[in-house]
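One structure is given here, and the rest of the page talks about it.
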Amino acid sequence: MSHEHIKEEVKVVPAKGGFVLSMPVAIIIGAIIIAGTIFATRSTQEVAQKDAGNGEENAPLNISIRPLSPQDHIIGSPTAPIVLFEYSDFECPFCARINPTLKKIVADSNGQIAWVYRNLPLPPSMHPEARPAAEAAECVAAELGNAAYWKFSDAVFTHQQDMGATFYHKNAVALGADATAFDSCVEKQTYDSRIVADETEAGNNGGSGTPYTIIVGKKGTPVPFSGALPEAQILAKIKQVQAQQ
């Protein structure tokens, strides 16, 4: 086929009321539209995976987690032989989903398992209220203690659709926080360094999406997992760590 013939096939032909595309041009445009749709779909899936996790373990070989301190938010005994370190985001629906599962596992463990909540707010472009909620929760914990922190956390996860400064203020005051002190604490981002420390720790240990949990024993190799896995799957991973004790 000659070059002249090719040029003739791909030209746009004027027609009454608009333009009519020749068949090869229509095919090319159709391919571009399909490619764009595939790219958009993949981008959406990647965002969902960033939020939800997929259960795959991508942690480095040497996991390093700072020891428990009075500033940590814990359910269960600090001396429990197994500790679940969850890196979480208050605006993440999958984090809300895993919370009752982890609570049940700790409650059913007869003191053998504890759960520690550490912060991993995703970027504001994805979850604009994740970091403000974390700041507010840290302010509640600093003034009112561990039990109040968990009550505040439960309120946020239960009412994610209401997240915002007014909601945080209302719930903090209802728990007993001083209104002026709380607002000042949040405004000054007083405990942002704690959040940054949690984020850095999560990233260094393979966490990129939420929830990201690392199961740690007194000895042996920690076992990480991503996402809101079913209880049975989490218990299976806990047994891997218990077998090393």
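The chains in the structure tokens are called A, B, ... from first to last as shown; in each chain the residues are counted from 1, and the ligands are counted from 1 in the order shown.
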Which of region 89-180 of chain A fall in alpha helix (DSSP H), as a PyMOL selection string: chain A and resi 93-107+130-144+146-158+165-175+179-180
Each residue of region 134-241 of chain A with at least one atom at most 8 Å from region 117-121 of chain A should appear once, together with its nearest atom pair and the corresponding distance in Å (one decimal); atoms considered: only C-alpha atoms; ordering: chain, then increasing residue number; output as CSV.
```
residue,atom,partner,partner_atom,distance
A:Ala134,CA,A:Asn119,CA,7.0
A:Ile195,CA,A:Asn119,CA,5.7
A:Asp198,CA,A:Asn119,CA,5.4
A:Glu199,CA,A:Leu120,CA,5.1
A:Ala202,CA,A:Leu120,CA,7.2
A:Thr210,CA,A:Leu120,CA,7.2
```
May I have the selected residues written with N, CA and C atoms, as a compact mmCIF listing (two decimals), in the first residue's frame?
```
# COMPACT_ATOMS: atom_id res chain seq x y z
N ALA A 134 -6.27 12.52 64.45
CA ALA A 134 -5.17 11.97 65.24
C ALA A 134 -4.66 13.02 66.23
N ILE A 195 2.84 11.78 66.27
CA ILE A 195 2.24 11.23 65.04
C ILE A 195 3.33 10.98 64.01
N ASP A 198 5.23 7.87 64.83
CA ASP A 198 4.46 6.66 64.46
C ASP A 198 4.54 6.42 62.95
N GLU A 199 4.36 7.49 62.17
CA GLU A 199 4.41 7.37 60.72
C GLU A 199 5.77 6.85 60.26
N ALA A 202 6.18 3.17 61.11
CA ALA A 202 5.40 2.33 60.20
C ALA A 202 6.09 2.20 58.85
N THR A 210 -3.27 1.40 55.20
CA THR A 210 -3.86 1.17 56.51
C THR A 210 -5.07 0.25 56.41
```
Pro123 (chain A) surroundings by only C-alpha atoms, 12 Å radius, close-in-sequence under 5 positions cut, as an NGL selection string: :A and (47 or 50-51 or 89 or 91-92 or 128-132 or 199 or 208-210)
Any chance you can output those residues with N, CA and C atoms as a tab-separated table (two decimals), in the first residue's frame?
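That gives us result.tsv:
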```
chain	number	residue	atom	x	y	z
A	47	VAL	N	-5.54	3.41	44.76
A	47	VAL	CA	-5.95	4.20	45.91
A	47	VAL	C	-6.66	3.33	46.93
A	50	LYS	N	-4.20	1.24	48.76
A	50	LYS	CA	-3.44	2.04	49.71
A	50	LYS	C	-4.20	2.16	51.01
A	51	ASP	N	-5.49	2.28	50.92
A	51	ASP	CA	-6.34	2.43	52.09
A	51	ASP	C	-6.57	1.11	52.80
A	89	ASP	N	-5.49	4.78	60.65
A	89	ASP	CA	-5.95	6.07	60.13
A	89	ASP	C	-7.41	6.22	60.52
A	91	GLU	N	-9.76	7.98	59.47
A	91	GLU	CA	-10.73	8.15	58.38
A	91	GLU	C	-10.83	6.92	57.50
A	92	CYS	N	-10.01	5.93	57.76
A	92	CYS	CA	-9.96	4.71	56.94
A	92	CYS	C	-11.11	3.77	57.31
A	128	PRO	N	-8.58	13.82	54.27
A	128	PRO	CA	-8.28	15.15	54.83
A	128	PRO	C	-8.48	15.26	56.33
A	129	GLU	N	-9.31	14.39	56.93
A	129	GLU	CA	-9.56	14.48	58.37
A	129	GLU	C	-8.73	13.50	59.19
A	130	ALA	N	-7.92	12.69	58.54
A	130	ALA	CA	-7.16	11.68	59.28
A	130	ALA	C	-6.19	12.29	60.28
A	131	ARG	N	-5.41	13.27	59.82
A	131	ARG	CA	-4.43	13.88	60.72
A	131	ARG	C	-5.09	14.75	61.78
A	132	PRO	N	-6.05	15.62	61.43
A	132	PRO	CA	-6.72	16.39	62.48
A	132	PRO	C	-7.34	15.50	63.55
A	199	GLU	N	4.36	7.49	62.17
A	199	GLU	CA	4.41	7.37	60.72
A	199	GLU	C	5.77	6.85	60.26
A	208	SER	N	2.61	1.03	54.41
A	208	SER	CA	2.32	2.11	53.46
A	208	SER	C	0.82	2.38	53.37
A	209	GLY	N	0.00	1.37	53.60
A	209	GLY	CA	-1.45	1.53	53.62
A	209	GLY	C	-1.97	1.22	55.01
A	210	THR	N	-3.27	1.40	55.20
A	210	THR	CA	-3.86	1.17	56.51
A	210	THR	C	-5.07	0.25	56.41
```
Contacts of Pro222 (chain A) at 8 Å (only C-alpha atoms; same-chain gap of 6+ positions) as JSON, numbers by chain: {"A": [63, 214, 215, 216, 241]}
Residues flagged strand (DSSP E) by DSSP in region 53-226 of chain A, as a ChimeraX atom specification: /A:73-75,82-88,113-119,212-217,223-226
Output N, CA and C atoms for every residue in the selection just made, as a short mmCIF file (atom, residue, chain, number, x, y, z; two decimals), in the first residue's frame.
```cif
data_model
loop_
_atom_site.label_atom_id
_atom_site.label_comp_id
_atom_site.auth_asym_id
_atom_site.auth_seq_id
_atom_site.Cartn_x
_atom_site.Cartn_y
_atom_site.Cartn_z
N HIS A 73 -1.15 4.00 73.39
CA HIS A 73 -2.59 3.74 73.56
C HIS A 73 -2.78 2.23 73.46
N ILE A 74 -3.16 1.62 74.57
CA ILE A 74 -3.15 0.16 74.65
C ILE A 74 -4.44 -0.39 75.24
N ILE A 75 -4.85 -1.52 74.70
CA ILE A 75 -5.91 -2.33 75.29
C ILE A 75 -5.28 -3.68 75.63
N ILE A 82 2.20 -11.36 73.77
CA ILE A 82 2.00 -11.01 72.37
C ILE A 82 1.36 -9.62 72.29
N VAL A 83 1.94 -8.76 71.46
CA VAL A 83 1.39 -7.41 71.28
C VAL A 83 1.14 -7.15 69.81
N LEU A 84 -0.06 -6.66 69.52
CA LEU A 84 -0.43 -6.26 68.16
C LEU A 84 -0.22 -4.76 68.02
N PHE A 85 0.75 -4.36 67.22
CA PHE A 85 0.98 -2.94 66.96
C PHE A 85 0.26 -2.59 65.66
N GLU A 86 -0.84 -1.84 65.80
CA GLU A 86 -1.62 -1.45 64.62
C GLU A 86 -1.30 0.00 64.26
N TYR A 87 -0.96 0.22 63.00
CA TYR A 87 -0.74 1.57 62.47
C TYR A 87 -1.99 1.92 61.67
N SER A 88 -2.68 2.96 62.12
CA SER A 88 -4.05 3.15 61.67
C SER A 88 -4.36 4.60 61.32
N ILE A 113 -2.69 -11.41 75.01
CA ILE A 113 -2.51 -10.53 73.84
C ILE A 113 -2.91 -9.11 74.21
N ALA A 114 -2.13 -8.14 73.76
CA ALA A 114 -2.46 -6.73 73.92
C ALA A 114 -2.46 -6.07 72.55
N TRP A 115 -3.13 -4.92 72.46
CA TRP A 115 -3.26 -4.20 71.19
C TRP A 115 -2.85 -2.75 71.41
N VAL A 116 -1.90 -2.29 70.61
CA VAL A 116 -1.41 -0.92 70.69
C VAL A 116 -1.77 -0.19 69.40
N TYR A 117 -2.36 0.99 69.55
CA TYR A 117 -2.75 1.81 68.40
C TYR A 117 -1.69 2.89 68.18
N ARG A 118 -1.12 2.91 66.96
CA ARG A 118 -0.20 3.97 66.56
C ARG A 118 -0.70 4.59 65.26
N ASN A 119 -0.32 5.83 65.04
CA ASN A 119 -0.90 6.63 63.97
C ASN A 119 -0.22 6.45 62.61
N TYR A 212 -2.20 -1.35 59.08
CA TYR A 212 -1.00 -2.18 58.97
C TYR A 212 -0.65 -2.63 60.37
N THR A 213 -0.57 -3.92 60.60
CA THR A 213 -0.39 -4.47 61.94
C THR A 213 0.83 -5.38 61.99
N ILE A 214 1.58 -5.25 63.07
CA ILE A 214 2.74 -6.11 63.29
C ILE A 214 2.54 -6.87 64.60
N ILE A 215 2.60 -8.18 64.53
CA ILE A 215 2.43 -9.04 65.70
C ILE A 215 3.81 -9.33 66.28
N VAL A 216 4.00 -8.95 67.54
CA VAL A 216 5.32 -9.05 68.16
C VAL A 216 5.25 -9.90 69.42
N GLY A 217 6.21 -10.81 69.55
CA GLY A 217 6.33 -11.61 70.76
C GLY A 217 7.54 -11.19 71.56
N VAL A 223 5.51 -10.84 62.94
CA VAL A 223 4.74 -11.18 61.74
C VAL A 223 3.83 -9.99 61.40
N PRO A 224 4.04 -9.34 60.25
CA PRO A 224 3.19 -8.21 59.85
C PRO A 224 2.08 -8.67 58.91
N PHE A 225 1.02 -7.88 58.87
CA PHE A 225 -0.01 -8.11 57.85
C PHE A 225 -0.70 -6.79 57.54
N SER A 226 -1.24 -6.71 56.32
CA SER A 226 -1.92 -5.51 55.86
C SER A 226 -3.42 -5.77 55.73
#
```
Atomic distance CA of His127 (chain A) - CA of Glu201 (chain A), expressed in Å with one decimal: 19.9 Å
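Of the listed residues A:Ala107, A:Leu175, A:Leu102, A:Cys139, the one whose atoms come nearest to Leu235 (chain A) is A:Leu102, with distances taken using only C-alpha atoms.
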Residue neighbourhood Gln160 (chain A), 9 Å, only C-alpha atoms, exclusion window fewer than 4 positions, as a list of chain:residue names: A:Phe90, A:Glu91, A:Cys92, A:Pro93, A:Ala96, A:Ala155, A:Val156
Write the residues of the selection above to a file with C-alpha atoms, as an mmCIF file, in the first residue's frame.
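Writing the result to again.cif gives the following:
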```cif
data_model
loop_
_atom_site.group_PDB
_atom_site.id
_atom_site.type_symbol
_atom_site.label_atom_id
_atom_site.label_comp_id
_atom_site.auth_asym_id
_atom_site.auth_seq_id
_atom_site.Cartn_x
_atom_site.Cartn_y
_atom_site.Cartn_z
ATOM 1 C CA PHE A 90 -9.094 7.470 61.753
ATOM 2 C CA GLU A 91 -10.729 8.149 58.384
ATOM 3 C CA CYS A 92 -9.959 4.712 56.944
ATOM 4 C CA PRO A 93 -13.102 2.536 56.696
ATOM 5 C CA ALA A 96 -12.941 0.991 61.506
ATOM 6 C CA ALA A 155 -16.653 7.673 68.655
ATOM 7 C CA VAL A 156 -14.641 8.742 65.615
#
```
Atom-to-atom span, CA of Lys103 (chain A) and CA of Met163 (chain A), Å: 22.4 Å
Which of A:Ala177, A:Ala80, A:Leu68, A:Ala137 sits closest to Gln189 (chain A) [using only C-alpha atoms]: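 Nearest candidate to Gln189 (chain A) out of A:Ala177, A:Ala80, A:Leu68, A:Ala137: A:Ala137.
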Among the residues A:Pro70, A:Gly76, A:Pro81, A:Gly220, the one that comes closest to Gly145 (chain A) [using only C-alpha atoms]: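 Of A:Pro70, A:Gly76, A:Pro81, A:Gly220, the one nearest Gly145 (chain A) is A:Pro70, counting only C-alpha atoms.
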Two-atom distance - CA of Phe94 (chain A), CA of Val196 (chain A) (Å):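 Separation between CA of Phe94 (chain A) and CA of Val196 (chain A): 21.4 Å.
Closest approach to Ser153 (chain A) among A:Pro67, A:Gly206, A:Pro100, A:Pro124: A:Pro100, based on only C-alpha atoms.
You can rank A:Ser193, A:Gln233, A:Thr158, A:Thr180 by their closest distance to Cys95 (chain A) using only C-alpha atoms, and at the top of that list sits A:Thr158.
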All residues 12 Å or closer to Ala181 (chain A), only C-alpha atoms, same chain fewer than 4 positions away omitted, as a list in words: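 The neighbour list is Ala136, Cys139, Val140, Ala142, Glu143, Leu144, His169, Ala172, Val173, Gly176, Ala177, Cys185, Val186, Glu187, Lys188 and Thr190 of chain A.
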Got time to write the residues from that selection, N, CA and C atoms, as a PDB file, in the first residue's frame?
```
ATOM      1  N   ALA A 136      -6.388  15.469  67.527  1.00  0.00           N
ATOM      2  CA  ALA A 136      -7.412  15.612  68.561  1.00  0.00           C
ATOM      3  C   ALA A 136      -7.358  14.455  69.550  1.00  0.00           C
ATOM      4  N   CYS A 139      -4.542  14.821  71.966  1.00  0.00           N
ATOM      5  CA  CYS A 139      -4.851  15.840  72.975  1.00  0.00           C
ATOM      6  C   CYS A 139      -5.757  15.283  74.062  1.00  0.00           C
ATOM      7  N   VAL A 140      -6.726  14.478  73.674  1.00  0.00           N
ATOM      8  CA  VAL A 140      -7.612  13.834  74.648  1.00  0.00           C
ATOM      9  C   VAL A 140      -6.807  12.915  75.554  1.00  0.00           C
ATOM     10  N   ALA A 142      -3.623  13.011  76.291  1.00  0.00           N
ATOM     11  CA  ALA A 142      -2.708  13.744  77.153  1.00  0.00           C
ATOM     12  C   ALA A 142      -3.412  14.315  78.373  1.00  0.00           C
ATOM     13  N   GLU A 143      -4.653  14.769  78.196  1.00  0.00           N
ATOM     14  CA  GLU A 143      -5.381  15.378  79.309  1.00  0.00           C
ATOM     15  C   GLU A 143      -6.143  14.366  80.143  1.00  0.00           C
ATOM     16  N   LEU A 144      -6.734  13.370  79.495  1.00  0.00           N
ATOM     17  CA  LEU A 144      -7.683  12.491  80.182  1.00  0.00           C
ATOM     18  C   LEU A 144      -7.225  11.042  80.327  1.00  0.00           C
ATOM     19  N   HIS A 169     -14.324  18.471  69.097  1.00  0.00           N
ATOM     20  CA  HIS A 169     -14.508  19.322  70.274  1.00  0.00           C
ATOM     21  C   HIS A 169     -15.653  18.798  71.140  1.00  0.00           C
ATOM     22  N   ALA A 172     -14.666  15.484  72.863  1.00  0.00           N
ATOM     23  CA  ALA A 172     -13.620  15.665  73.871  1.00  0.00           C
ATOM     24  C   ALA A 172     -14.203  16.287  75.138  1.00  0.00           C
ATOM     25  N   VAL A 173     -15.017  17.308  74.978  1.00  0.00           N
ATOM     26  CA  VAL A 173     -15.629  17.973  76.127  1.00  0.00           C
ATOM     27  C   VAL A 173     -16.582  17.018  76.842  1.00  0.00           C
ATOM     28  N   GLY A 176     -14.858  14.994  79.238  1.00  0.00           N
ATOM     29  CA  GLY A 176     -14.322  15.694  80.398  1.00  0.00           C
ATOM     30  C   GLY A 176     -13.157  16.612  80.113  1.00  0.00           C
ATOM     31  N   ALA A 177     -12.798  16.780  78.839  1.00  0.00           N
ATOM     32  CA  ALA A 177     -11.685  17.673  78.509  1.00  0.00           C
ATOM     33  C   ALA A 177     -12.074  19.125  78.723  1.00  0.00           C
ATOM     34  N   CYS A 185      -4.684  22.939  72.295  1.00  0.00           N
ATOM     35  CA  CYS A 185      -3.825  21.784  72.011  1.00  0.00           C
ATOM     36  C   CYS A 185      -3.916  21.387  70.544  1.00  0.00           C
ATOM     37  N   VAL A 186      -5.142  21.316  70.036  1.00  0.00           N
ATOM     38  CA  VAL A 186      -5.354  20.929  68.642  1.00  0.00           C
ATOM     39  C   VAL A 186      -4.806  21.996  67.699  1.00  0.00           C
ATOM     40  N   GLU A 187      -5.098  23.246  68.004  1.00  0.00           N
ATOM     41  CA  GLU A 187      -4.671  24.337  67.128  1.00  0.00           C
ATOM     42  C   GLU A 187      -3.150  24.398  67.008  1.00  0.00           C
ATOM     43  N   LYS A 188      -2.454  24.160  68.112  1.00  0.00           N
ATOM     44  CA  LYS A 188      -0.992  24.227  68.129  1.00  0.00           C
ATOM     45  C   LYS A 188      -0.343  22.939  67.624  1.00  0.00           C
ATOM     46  N   THR A 190       0.060  20.204  69.166  1.00  0.00           N
ATOM     47  CA  THR A 190       0.996  19.958  70.258  1.00  0.00           C
ATOM     48  C   THR A 190       1.694  18.604  70.165  1.00  0.00           C
TER      49      THR A 190
END
```
